[in-house]
4 protein chains.
Amino acid sequence: MIFETVRSEALAHFSYVVGDEDAGVCAVIDPRRDVEVYLDIARQANVRITGILETHIHADYVSGSLELAARTGAPIYLSAAGEYGFEHVPVRGGDELAFGAYTLRVIETPGHTPEHVCFLISGGQSAAGPWGLFTGDTLFAGEVGRPDLLGKEQEVGLARQLYDTLFETVLPLGDEIIIYPAHGEGSPCGANIGARMRSTIGYERLHSKNLQAQSREAFVEAVLAEQTPAPRYYPRMKQVNAAGPRVLGRLPDVPLLDADRFEREMQQGGALVLDARDKLAFGGAHVEGAWNIGLDGSFPLWVGWFVEDPETRLLLVLPGADDLHAAVTELLSVGYENIGGALLGGMDGWNEAGKPFRGAPQMSVHALRKHVENGSNLQILDVRREATFAEGHVEGAVNIWLPELPENLDRLDRDRPVAAYCTTGYRSSIAASILQNSGFPDVRTVPGSMVAWQAAGYPVTTCD
Amino acid sequence: MIFETVRSEALAHFSYVVGDEDAGVCAVIDPRRDVEVYLDIARQANVRITGILETHIHADYVSGSLELAARTGAPIYLSAAGEYGFEHVPVRGGDELAFGAYTLRVIETPGHTPEHVCFLISGGQSAAGPWGLFTGDTLFAGEVGRPDLLGKEQEVGLARQLYDTLFETVLPLGDEIIIYPAHGEGSPCGANIGARMRSTIGYERLHSKNLQAQSREAFVEAVLAEQTPAPRYYPRMKQVNAAGPRVLGRLPDVPLLDADRFEREMQQGGALVLDARDKLAFGGAHVEGAWNIGLDGSFPLWVGWFVEDPETRLLLVLPGADDLHAAVTELLSVGYENIGGALLGGMDGWNEAGKPFRGAPQMSVHALRKHVENGSNLQILDVRREATFAEGHVEGAVNIWLPELPENLDRLDRDRPVAAYCTTGYRSSIAASILQNSGFPDVRTVPGSMVAWQAAGYPVTTCD
Amino acid sequence: MIFETVRSEALAHFSYVVGDEDAGVCAVIDPRRDVEVYLDIARQANVRITGILETHIHADYVSGSLELAARTGAPIYLSAAGEYGFEHVPVRGGDELAFGAYTLRVIETPGHTPEHVCFLISGGQSAAGPWGLFTGDTLFAGEVGRPDLLGKEQEVGLARQLYDTLFETVLPLGDEIIIYPAHGEGSPCGANIGARMRSTIGYERLHSKNLQAQSREAFVEAVLAEQTPAPRYYPRMKQVNAAGPRVLGRLPDVPLLDADRFEREMQQGGALVLDARDKLAFGGAHVEGAWNIGLDGSFPLWVGWFVEDPETRLLLVLPGADDLHAAVTELLSVGYENIGGALLGGMDGWNEAGKPFRGAPQMSVHALRKHVENGSNLQILDVRREATFAEGHVEGAVNIWLPELPENLDRLDRDRPVAAYCTTGYRSSIAASILQNSGFPDVRTVPGSMVAWQAAGYPVTTCD
Amino acid sequence: MIFETVRSEALAHFSYVVGDEDAGVCAVIDPRRDVEVYLDIARQANVRITGILETHIHADYVSGSLELAARTGAPIYLSAAGEYGFEHVPVRGGDELAFGAYTLRVIETPGHTPEHVCFLISGGQSAAGPWGLFTGDTLFAGEVGRPDLLGKEQEVGLARQLYDTLFETVLPLGDEIIIYPAHGEGSPCGANIGARMRSTIGYERLHSKNLQAQSREAFVEAVLAEQTPAPRYYPRMKQVNAAGPRVLGRLPDVPLLDADRFEREMQQGGALVLDARDKLAFGGAHVEGAWNIGLDGSFPLWVGWFVEDPETRLLLVLPGADDLHAAVTELLSVGYENIGGALLGGMDGWNEAGKPFRGAPQMSVHALRKHVENGSNLQILDVRREATFAEGHVEGAVNIWLPELPENLDRLDRDRPVAAYCTTGYRSSIAASILQNSGFPDVRTVPGSMVAWQAAGYPVTTCD
């Protein structure tokens, strides 16, 4: 059989290709927007893509279903409980979709969203019963789906539905069934998704914290309590995916702009410079005004947090010439299509054109420790989540969660230097760029951050 | 976490890389001989390989443990119940090997072999208990291990041990645990391994045919009854792996031989020509005396069946210039290291040098049907397994299982034409080459074979 | 500097990327339709494509200029002496196009076509004068351009212009100048193009056969005499390129068709099955009615010879699943855009569906020799060019040049067997498929053909 | 024909594969140590490597001839005028080596070295005379070879020989002949090698500055005058290549070392940390004591300049996990085989372990300009060549050519800050790391350097 998991690391998203090479057919479940990967898998396996399935209307990425349908002619199967602005085949609980020897049975699983469905797979040699469940965002390894994404009015109702779905529909399917979720560790689609890519119904029944709830209401309360705010771009994704995203056909050709043209483009209103390089290179020198959101981390997620208008014209500073494809793919994956260009020659091109640049000084945990011990006018900024901060932070640090930093700049004194830290330094470099762009004259970041601080054996302060 | 399954398709072998990118370490479980794949995975993930684990002494391929140890310096962990001719770290039931946040606990699981161990994995975010079992050849998706590989004297004893291992050790680990076996569908290491790459203990407990046995003796009887003869090279692998295979360092450089040199090499005693092309190209023209074992199928397995002396000098005719790497890798994977060369320019090189060639005529199922209907002196040879033959074959066909064909040529009349078929035509082309090389003057193969016969709606005969 | 030669092997076409990485710019000269290669080169080199240059209106492939302009926004520079149906920048002799430190000077070179221009390059460190000439189809390594492609009425006039261009414009540029032509050995755009990819003006002045002509008229006579008929699709390319080819944006998604659908598509009127596999595999078994034009040879050229209507719906049988991209690219390169699908699973898919197939028996030169020596009713068909035939052929062979075979079938007796040969067997397999499709019941091909015949030491007959 | 130029960018080295696919053979000329590239080319072209040719004993890289001979069994052809410590076939002027239709004729060309030979190629369709010359280090595009590498005693004699070779042997071969040199722009094997990859004898005769010399003595004087000191590792290469380099078989497996182990290895005597990252990332943070020699520039050359003992144990900090292969290949190419390890996780691994780091502040040309205009105690260091400095530099700058910096530190005042610049900033970052490691407390580099300075329109001072 064909069973491929496509991992989109930046969003911790999993999609699946499932098929039967003897019958020459396969299905794609929850495809991402960059669909070449599915076409390649099918071509290599010598099968046709004959069905595109979605578990629900996704909130964290632009769905690739329409794109893939345009490339293959395959029908898109969507829950009949949803409303969509494009052609599809509605499916309902109990419907069965056959792909050669394999059957995907639709299971209605409202909770994460009202229209959510899961697909129960059976078939293949020596398989007497169903053996896998594509759970979408209903059940992850180590965590349940979050029911709060549609807003405060609906979250309690959805949380109750999720409880019923899990306890009355999913768990009864059998402990022996492997679950194939749509997300892995690090995705904000679940509060504490585990490191394993998959799990089983039995494992989750036994060990998932929220599945140990004593009552429906206890479940509702606990699940809603553990959620952190959803990334700001999530509601937009819902709209885009319900209406039907624009079909791209292929990756757009983003122009390389030499330093002069790049500078002119910057001066046009509404442009934003994204510097996707490593934090240390950004620290060395960067274009003034650039935001440092490294391509080596959760790039699309943080762009989604901070760039509210999807029509914003983005100008890119990239680590290397080869990174353009990845950067553009990631931006498209969360719906940013107005990419004005990338800096020709990267930061060297800028520097060799004699353009002004700025640095972002790096402060070691040892230097930070001295400030703490000796006292100084340095403001220490911790941009991690409140709960993480509470578990242990550098003495004297101010906690402003990174997504909320732009609205909370007045909690910091512009006349004093600031040192930002997070867990490893990725987010604190974003924070430093925000502070610099907001006029803070003396901003430092701490590479290694709390991981380094603790490796160095320095004391942490907890909140209690 | 790092969790990669390395699929070696030709032998339906799975090996695993499991590790913790935060700690920078990983383990490799049951590595194959071509170890570049593990080095690449580790390099990409920015981790070191710090442990090499074997579930047992493998019978179907040359282990890559020594090779990988030579490349990485990592220790090889082997069951203390086995005997080995090389340096290793013996492990016993209950031992725990840590790789960052993940722990692999040794479980003693005699049955498939006396020294067999499994590894129970736990650890990682949101994982409160062990969640996976690397089962080696103890338990597959849909099948149990075969206990008969060490010979008739031991098979009953091992089958009983296997029963105890499964029912007393493995199943009690919990229905919720995912199993990661060493083999998939098509491997002769299990009678009926399923098409899924993995399963769960619960699923196997519920559905695996042999785990439904009413008693230990019923299990022993059923499991031993279903086994087909093991490939002839298996005992040799056991010896090689126990003694310690030769460390290669890298793939050997196999010379390309022009037609003249190839012909001279053929004329040296003891050489064997392996034509690894597609059956239809072989049918078009091939070097007289060549065996057609296609690289697009179970190439190493069939070479292992037929080439008894591993020192045999092999001369290769390949589909394309790019296939040399794959062919050499596959041959080394089953211990053939004496590869004399590959034909320069492939079959075109041979033909353009004006060397004599031979064809292998292809007979369609429609032509075959006419022979059956009208009667003729055509002998129809079915080279599938006896049980498959019994379930349905072409009327009048003689059944000789392919591995036993060389010893049973006297069951066919050399003065009459022969048409060979199997399931799809891959094995019947091997059969045709054997017959040609044995002096049968008129041999045809049936591409599509039984699959085509049935697709055409022609009747099958069963044995009862 | 950036200087990349892009070799499109099937058509023996060379295009060039020339640029200055310090200035971040480059030009593309005579681009092919599959423009990803240029975009990749530019991206790797971190430069922008800022100019697209054509030496003339090409006759042998669909130009990629419009495609590349659509992807990059770069202007297309075309000779002012031509007429085109799309936006471009006209250039005239003496115009200079700058790409950083490098300058391309336009040289008017009518002859091959009236509007032909060459580009004389100068610039770069330690380069005091012009050092290279992009000659298009004016001057190749070992050969001059052919002036006969625009038809009988114009060929003498163009040949005279070519003489003047060569002797009065090109040769005086200096012996020291390297020439970079648009074609290499095997292209029908020149009668005897040499094996070297490039040459110098001095070398051609000294050694090119036609440049030794004693007079303009002697030149005209000799050049026109040596031309073989141009491939039938050439005039169509001229029209397409003058009007402006359709911009594709990306490779179309060609569907895989299972055997049933493939068969139904075949039965629709106007479809043509192209079997792009190796001649021996085709010989083993093929779909009845298929033409064997191997992807491993001059595939687009021979399709262009035989498929007169570019709207013909083509159905493909491919060597492997990975070959679809290459086959589609080659077909598009000569303007076939109506590709109905490719056979799912290739020929195995067909056979396993129980569809009828046909073989094409292969005859060795030794068997052929016996027919010649002993006499037989076998018709021997030599499909090489007349001049090649005259230099040496198999005794008794009938010569029909392959492109003219369809119109000359009545020169062969359908009631007698036919054995076709060429130089190595590629073209004779095309011939065999034509004969089979025309109802000849007994057709054989001779793999290795004349190369094998001569390697075997068999006698050849000459015409004198 | 097969004609491939293998460009090794870091050393601006060209090697060549020349062969005849019809005959199935090829030659490799002046191979580098990483020979996989030649094996790949031969495999793709379906030919055997049947000859390995060297033009002379190279001074700038470890020859790959022995390595390639060990992999292929092909003979190594070397000038009979040299002495070598390994098996080879001596060749003399007039000897001809045939590779199918192509012949390489040995031409004795002493001058760059006493034993130097060139290879004159002829053959192939439509090629009536020799058409190319593999010139090694005798004649480049735009420059002649340097005759001073064997030391002061021999340089005049060799320069005279070079004159005779060029004027009496090479130029008379004919203006029309293309030259294929062993080096391109940027190689220290010639003073001013041009940007073109190749040239012609005629072009060089007309335009090469040194070939315009009025007399032998004028030539000798001019050629010797223009040479800059050869990289310090050159004499070592000569010895290694004459004796025969160690055959590696494959790339060594360099261990990844976590930060603790890396630190311990640093503390062992004699280790050197090479930080091969981009200068800006190095500027952000680096391991104290590291040398910044960027992999994106002339990495092996600068390592060769500064690391005198080839047995020095090197510890690597790399840009990315994928760069290990390239870094190791480059180090081996100039004979550094004692590579102790690479930092696991790169600089992030170091920082997250809480190890101390250091930055290297970047100064813009605008800030530098202010220092110049306003006066300050900043020392400005120009590390370019003396001649380049003389043509234009920043007012007040001290010129110390980078290779001579370690011996000239006393020309700078340790108590004052230093700003280093070069042409673009690559070399000034090396300089900054040298100064830091020598105890200078305040060192800045100027990214963009003179290119930026001039782009900004700032004035330059010349020496006259």
# chains A, B, ... in the order shown; residues from 1 in each chain; ligands from 1
>>> interface_residues(of="chain C", to="chain A", cutoff="6 Å", atoms="only C-alpha atoms", output="PDB file with all heavy atoms, in the first residue's frame")
ATOM      1  N   ASN C  46      22.534  34.148  -8.195  1.00  0.00           N
ATOM      2  CA  ASN C  46      22.096  35.374  -7.522  1.00  0.00           C
ATOM      3  C   ASN C  46      22.098  36.568  -8.470  1.00  0.00           C
ATOM      4  O   ASN C  46      22.586  37.651  -8.138  1.00  0.00           O
ATOM      5  CB  ASN C  46      22.997  35.644  -6.310  1.00  0.00           C
ATOM      6  CG  ASN C  46      22.180  36.074  -5.106  1.00  0.00           C
ATOM      7  OD1 ASN C  46      21.100  36.649  -5.277  1.00  0.00           O
ATOM      8  ND2 ASN C  46      22.674  35.822  -3.920  1.00  0.00           N
ATOM      9  N   ALA C 321       7.745   5.723 -14.747  1.00  0.00           N
ATOM     10  CA  ALA C 321       6.870   6.776 -14.242  1.00  0.00           C
ATOM     11  C   ALA C 321       7.589   8.120 -14.208  1.00  0.00           C
ATOM     12  O   ALA C 321       6.986   9.171 -14.377  1.00  0.00           O
ATOM     13  CB  ALA C 321       6.381   6.401 -12.840  1.00  0.00           C
ATOM     14  N   GLY C 345       1.023   2.855 -15.080  1.00  0.00           N
ATOM     15  CA  GLY C 345       1.730   1.591 -14.892  1.00  0.00           C
ATOM     16  C   GLY C 345       2.528   1.181 -16.107  1.00  0.00           C
ATOM     17  O   GLY C 345       3.147   0.108 -16.115  1.00  0.00           O
TER      18      GLY C 345
END
>>> residues_around(residues="Thr113 of chain C", least_positions_apart="3", cutoff="9 Å", atoms="only C-alpha atoms", output="PDB file with N, CA and C atoms, in the first residue's frame")
ATOM      1  N   HIS C  56      17.575  34.596 -34.272  1.00  0.00           N
ATOM      2  CA  HIS C  56      16.716  34.552 -35.459  1.00  0.00           C
ATOM      3  C   HIS C  56      15.427  33.819 -35.116  1.00  0.00           C
ATOM      4  N   ILE C  57      14.546  33.733 -36.085  1.00  0.00           N
ATOM      5  CA  ILE C  57      13.307  32.975 -35.901  1.00  0.00           C
ATOM      6  C   ILE C  57      13.633  31.509 -36.132  1.00  0.00           C
ATOM      7  N   THR C 109      23.532  39.359 -39.763  1.00  0.00           N
ATOM      8  CA  THR C 109      24.106  38.208 -40.463  1.00  0.00           C
ATOM      9  C   THR C 109      23.054  37.453 -41.268  1.00  0.00           C
ATOM     10  N   PRO C 110      22.441  38.100 -42.248  1.00  0.00           N
ATOM     11  CA  PRO C 110      21.433  37.395 -43.044  1.00  0.00           C
ATOM     12  C   PRO C 110      22.052  36.228 -43.808  1.00  0.00           C
ATOM     13  N   HIS C 116      18.502  37.198 -39.540  1.00  0.00           N
ATOM     14  CA  HIS C 116      19.467  36.637 -38.582  1.00  0.00           C
ATOM     15  C   HIS C 116      20.464  37.693 -38.083  1.00  0.00           C
ATOM     16  N   ASP C 137      22.450  30.171 -36.038  1.00  0.00           N
ATOM     17  CA  ASP C 137      22.553  29.157 -37.095  1.00  0.00           C
ATOM     18  C   ASP C 137      23.361  29.658 -38.288  1.00  0.00           C
ATOM     19  N   THR C 138      24.212  30.657 -38.040  1.00  0.00           N
ATOM     20  CA  THR C 138      25.025  31.169 -39.145  1.00  0.00           C
ATOM     21  C   THR C 138      26.270  30.328 -39.366  1.00  0.00           C
ATOM     22  N   ARG C 146      22.258  26.481 -42.873  1.00  0.00           N
ATOM     23  CA  ARG C 146      21.602  26.064 -44.119  1.00  0.00           C
ATOM     24  C   ARG C 146      20.660  27.172 -44.573  1.00  0.00           C
ATOM     25  N   PRO C 147      20.752  27.545 -45.826  1.00  0.00           N
ATOM     26  CA  PRO C 147      19.968  28.685 -46.322  1.00  0.00           C
ATOM     27  C   PRO C 147      18.685  28.250 -47.030  1.00  0.00           C
ATOM     28  N   ASP C 148      18.327  26.987 -46.932  1.00  0.00           N
ATOM     29  CA  ASP C 148      17.237  26.469 -47.766  1.00  0.00           C
ATOM     30  C   ASP C 148      15.922  26.299 -47.035  1.00  0.00           C
ATOM     31  N   LEU C 149      15.856  26.734 -45.774  1.00  0.00           N
ATOM     32  CA  LEU C 149      14.662  26.385 -44.999  1.00  0.00           C
ATOM     33  C   LEU C 149      13.436  27.204 -45.387  1.00  0.00           C
ATOM     34  N   LEU C 150      13.659  28.342 -46.048  1.00  0.00           N
ATOM     35  CA  LEU C 150      12.486  29.157 -46.403  1.00  0.00           C
ATOM     36  C   LEU C 150      11.922  28.796 -47.773  1.00  0.00           C
ATOM     37  N   LEU C 158      19.287  33.479 -50.380  1.00  0.00           N
ATOM     38  CA  LEU C 158      19.786  33.402 -49.014  1.00  0.00           C
ATOM     39  C   LEU C 158      21.190  32.810 -48.956  1.00  0.00           C
ATOM     40  N   LEU C 162      24.319  34.441 -47.298  1.00  0.00           N
ATOM     41  CA  LEU C 162      25.109  33.725 -46.292  1.00  0.00           C
ATOM     42  C   LEU C 162      26.592  33.814 -46.625  1.00  0.00           C
TER      43      LEU C 162
END
>>> select_by_dssp(residues="segment 63-204 of chain B", states="strand (DSSP E or B)", output="PyMOL selection string")
chain B and resi 63+76-79+89-91+96-99+102-108+117-123+132-136+139-140+143-144+178-181+183+199-200
>>> write_last_selection(atoms="N, CA and C atoms", output="short mmCIF file (atom, residue, chain, number, x, y, z; two decimals), in the first residue's frame")
data_model
loop_
_atom_site.label_atom_id
_atom_site.label_comp_id
_atom_site.auth_asym_id
_atom_site.auth_seq_id
_atom_site.Cartn_x
_atom_site.Cartn_y
_atom_site.Cartn_z
N SER B 63 23.62 -7.43 7.92
CA SER B 63 23.43 -6.33 8.86
C SER B 63 24.42 -5.20 8.58
N ILE B 76 27.45 -1.02 19.42
CA ILE B 76 26.40 -1.91 18.92
C ILE B 76 25.82 -2.67 20.11
N TYR B 77 24.53 -2.54 20.30
CA TYR B 77 23.87 -3.23 21.41
C TYR B 77 23.20 -4.50 20.89
N LEU B 78 23.62 -5.64 21.45
CA LEU B 78 23.09 -6.93 20.98
C LEU B 78 22.63 -7.76 22.16
N SER B 79 21.64 -8.58 21.89
CA SER B 79 21.11 -9.47 22.92
C SER B 79 22.22 -10.33 23.52
N VAL B 89 28.05 -4.49 22.78
CA VAL B 89 27.61 -4.34 24.16
C VAL B 89 26.42 -5.26 24.37
N PRO B 90 26.56 -6.28 25.21
CA PRO B 90 25.42 -7.20 25.41
C PRO B 90 24.33 -6.53 26.24
N VAL B 91 23.09 -6.77 25.86
CA VAL B 91 21.96 -6.23 26.63
C VAL B 91 21.02 -7.35 27.04
N GLU B 96 17.97 -0.44 30.01
CA GLU B 96 17.39 0.74 29.36
C GLU B 96 18.48 1.54 28.69
N LEU B 97 18.25 1.90 27.46
CA LEU B 97 19.18 2.72 26.69
C LEU B 97 18.53 4.07 26.48
N ALA B 98 19.25 5.12 26.86
CA ALA B 98 18.66 6.46 26.77
C ALA B 98 19.23 7.22 25.59
N PHE B 99 18.36 7.87 24.85
CA PHE B 99 18.76 8.76 23.76
C PHE B 99 18.02 10.07 23.97
N TYR B 102 14.33 10.07 25.22
CA TYR B 102 13.69 8.79 24.89
C TYR B 102 14.46 7.63 25.48
N THR B 103 13.73 6.66 25.92
CA THR B 103 14.35 5.47 26.50
C THR B 103 13.88 4.23 25.76
N LEU B 104 14.83 3.37 25.44
CA LEU B 104 14.51 2.10 24.81
C LEU B 104 14.80 1.01 25.83
N ARG B 105 13.75 0.32 26.22
CA ARG B 105 13.88 -0.72 27.24
C ARG B 105 13.94 -2.07 26.52
N VAL B 106 14.88 -2.88 26.93
CA VAL B 106 15.06 -4.19 26.30
C VAL B 106 14.03 -5.18 26.84
N ILE B 107 13.36 -5.86 25.92
CA ILE B 107 12.39 -6.90 26.28
C ILE B 107 12.87 -8.19 25.63
N GLU B 108 13.07 -9.23 26.40
CA GLU B 108 13.53 -10.49 25.81
C GLU B 108 12.35 -11.20 25.15
N VAL B 117 15.36 -9.89 20.89
CA VAL B 117 14.85 -8.90 21.86
C VAL B 117 14.01 -7.87 21.12
N CYS B 118 13.09 -7.25 21.84
CA CYS B 118 12.36 -6.10 21.31
C CYS B 118 12.76 -4.89 22.15
N PHE B 119 12.44 -3.70 21.62
CA PHE B 119 12.78 -2.48 22.35
C PHE B 119 11.51 -1.67 22.56
N LEU B 120 11.23 -1.39 23.80
CA LEU B 120 10.01 -0.65 24.17
C LEU B 120 10.38 0.81 24.38
N ILE B 121 9.77 1.67 23.59
CA ILE B 121 10.16 3.07 23.66
C ILE B 121 9.17 3.88 24.49
N SER B 122 9.73 4.79 25.29
CA SER B 122 8.91 5.74 26.02
C SER B 122 9.62 7.08 26.01
N GLY B 123 8.88 8.11 26.42
CA GLY B 123 9.52 9.43 26.52
C GLY B 123 8.95 10.42 25.53
N GLY B 132 5.62 2.63 22.08
CA GLY B 132 5.94 1.90 20.87
C GLY B 132 6.85 0.72 21.16
N LEU B 133 6.78 -0.28 20.31
CA LEU B 133 7.61 -1.47 20.47
C LEU B 133 8.25 -1.81 19.12
N PHE B 134 9.57 -1.80 19.10
CA PHE B 134 10.29 -2.26 17.90
C PHE B 134 10.36 -3.77 17.99
N THR B 135 9.56 -4.42 17.15
CA THR B 135 9.33 -5.85 17.34
C THR B 135 10.25 -6.75 16.53
N GLY B 136 11.09 -6.15 15.68
CA GLY B 136 11.95 -7.00 14.85
C GLY B 136 11.12 -8.00 14.09
N LEU B 139 6.73 -9.86 15.83
CA LEU B 139 5.32 -9.60 15.53
C LEU B 139 5.25 -8.55 14.42
N PHE B 140 4.58 -8.91 13.34
CA PHE B 140 4.41 -8.00 12.21
C PHE B 140 2.96 -7.50 12.18
N GLU B 143 0.72 -10.62 11.21
CA GLU B 143 1.38 -11.93 11.20
C GLU B 143 2.35 -12.02 12.37
N VAL B 144 2.64 -13.25 12.77
CA VAL B 144 3.67 -13.46 13.78
C VAL B 144 4.96 -13.89 13.09
N ILE B 178 1.97 0.96 19.78
CA ILE B 178 2.21 0.77 18.34
C ILE B 178 3.39 -0.16 18.16
N ILE B 179 3.28 -1.07 17.19
CA ILE B 179 4.42 -1.93 16.90
C ILE B 179 5.10 -1.48 15.62
N TYR B 180 6.42 -1.49 15.68
CA TYR B 180 7.27 -1.11 14.54
C TYR B 180 8.11 -2.33 14.16
N PRO B 181 7.65 -3.10 13.20
CA PRO B 181 8.33 -4.35 12.88
C PRO B 181 9.50 -4.14 11.91
N HIS B 183 9.84 -5.89 9.14
CA HIS B 183 9.48 -6.28 7.78
C HIS B 183 8.05 -5.92 7.44
N SER B 199 1.33 -1.56 13.11
CA SER B 199 0.06 -1.97 13.70
C SER B 199 0.14 -1.64 15.18
N THR B 200 -0.79 -2.21 15.94
CA THR B 200 -0.73 -2.03 17.40
C THR B 200 -0.84 -3.41 18.04
#
>>> atom_distance(atom1="atom CA of Leu331 of chain C", atom2="atom CA of Tyr61 of chain C")
9.9 Å
>>> select_by_dssp(residues="segment 187-436 of chain A", states="alpha helix (DSSP H)", output="MDAnalysis selection string")
chainID A and resid 201:207 216:226 234:243 259:267 279:284 299:306 324:333 346:352 365:374 386:391 426:436
>>> residues_around(residues="Arg427 of chain B", least_positions_apart="4", cutoff="8 Å", atoms="only C-alpha atoms", output="tab-separated table (two decimals) with N, CA and C atoms, in the first residue's frame")
chain	number	residue	atom	x	y	z
B	383	VAL	N	4.55	-21.14	-12.10
B	383	VAL	CA	5.67	-21.17	-11.16
B	383	VAL	C	5.32	-20.56	-9.81
B	402	LEU	N	8.81	-21.71	-8.45
B	402	LEU	CA	9.99	-21.18	-9.11
B	402	LEU	C	11.31	-21.61	-8.46
B	421	TYR	N	3.97	-18.90	-16.69
B	421	TYR	CA	3.26	-17.75	-16.11
B	421	TYR	C	3.38	-17.78	-14.60
B	422	CYS	N	3.12	-16.63	-14.00
B	422	CYS	CA	3.10	-16.52	-12.54
B	422	CYS	C	1.94	-15.59	-12.19
B	423	THR	N	2.18	-14.60	-11.34
B	423	THR	CA	1.08	-13.68	-11.02
B	423	THR	C	1.01	-12.52	-12.02
B	431	ALA	N	11.76	-17.76	-14.82
B	431	ALA	CA	11.59	-19.16	-15.21
B	431	ALA	C	11.99	-19.37	-16.67
>>> atom_distance(atom1="atom CA of Leu314 of chain B", atom2="atom CA of Leu272 of chain B")
5.0 Å
>>> residues_around(residues="Asp175 of chain B", least_positions_apart="4", cutoff="8 Å", atoms="only C-alpha atoms", output="PyMOL selection string")
(chain A and resi 175-176+202) or (chain B and resi 171+200-203+205)
>>> atom_distance(atom1="atom CA of Val307 of chain D", atom2="atom CA of Tyr233 of chain D")
8.2 Å
>>> residues_around(residues="Gly184 of chain C", least_positions_apart="2", cutoff="10 Å", atoms="only C-alpha atoms", output="number ranges by chain")
C: 7-9, 11-14, 140-143, 180-182, 186-190, 192-198
>>> residues_around(residues="Pro406 of chain A", least_positions_apart="4", cutoff="12 Å", atoms="only C-alpha atoms", output="list of chain:residue names")
A:Trp305, A:Phe306, A:Val307, A:Val383, A:Ile400, A:Trp401, A:Leu402, A:Asp410, A:Arg411, A:Leu412, A:Ile430, A:Ala431, A:Ala432, A:Ser433, A:Ile434, A:Leu435, A:Gln436, A:Asn437, A:Ser438, A:Gly439
>>> residues_around(residues="Leu332 of chain B", least_positions_apart="6", cutoff="10 Å", atoms="only C-alpha atoms", output="list in words")
Arg33, Asp34, Tyr61, Val62, Leu248, Leu251, Pro252, Pro300, Ala326, Asn338 and Ile339 of chain B
>>> write_last_selection(atoms="C-alpha atoms", output="CSV table (one decimal), in the first residue's frame")
chain,number,residue,atom,x,y,z
B,33,ARG,CA,24.3,-2.6,5.0
B,34,ASP,CA,24.0,0.5,2.9
B,61,TYR,CA,20.1,-9.4,4.8
B,62,VAL,CA,23.6,-8.5,5.8
B,248,LEU,CA,33.1,-2.0,3.1
B,251,LEU,CA,30.3,1.0,-2.4
B,252,PRO,CA,32.9,-0.8,-4.5
B,300,PRO,CA,18.2,-9.5,-4.1
B,326,ALA,CA,21.1,0.3,-7.0
B,338,ASN,CA,32.2,-10.5,-6.3
B,339,ILE,CA,30.7,-8.3,-9.0
>>> closest_residue(among="D:Gly457, D:Gly304, D:Gly340, D:Pro31", to="Gly64 of chain D", atoms="only C-alpha atoms")
D:Pro31
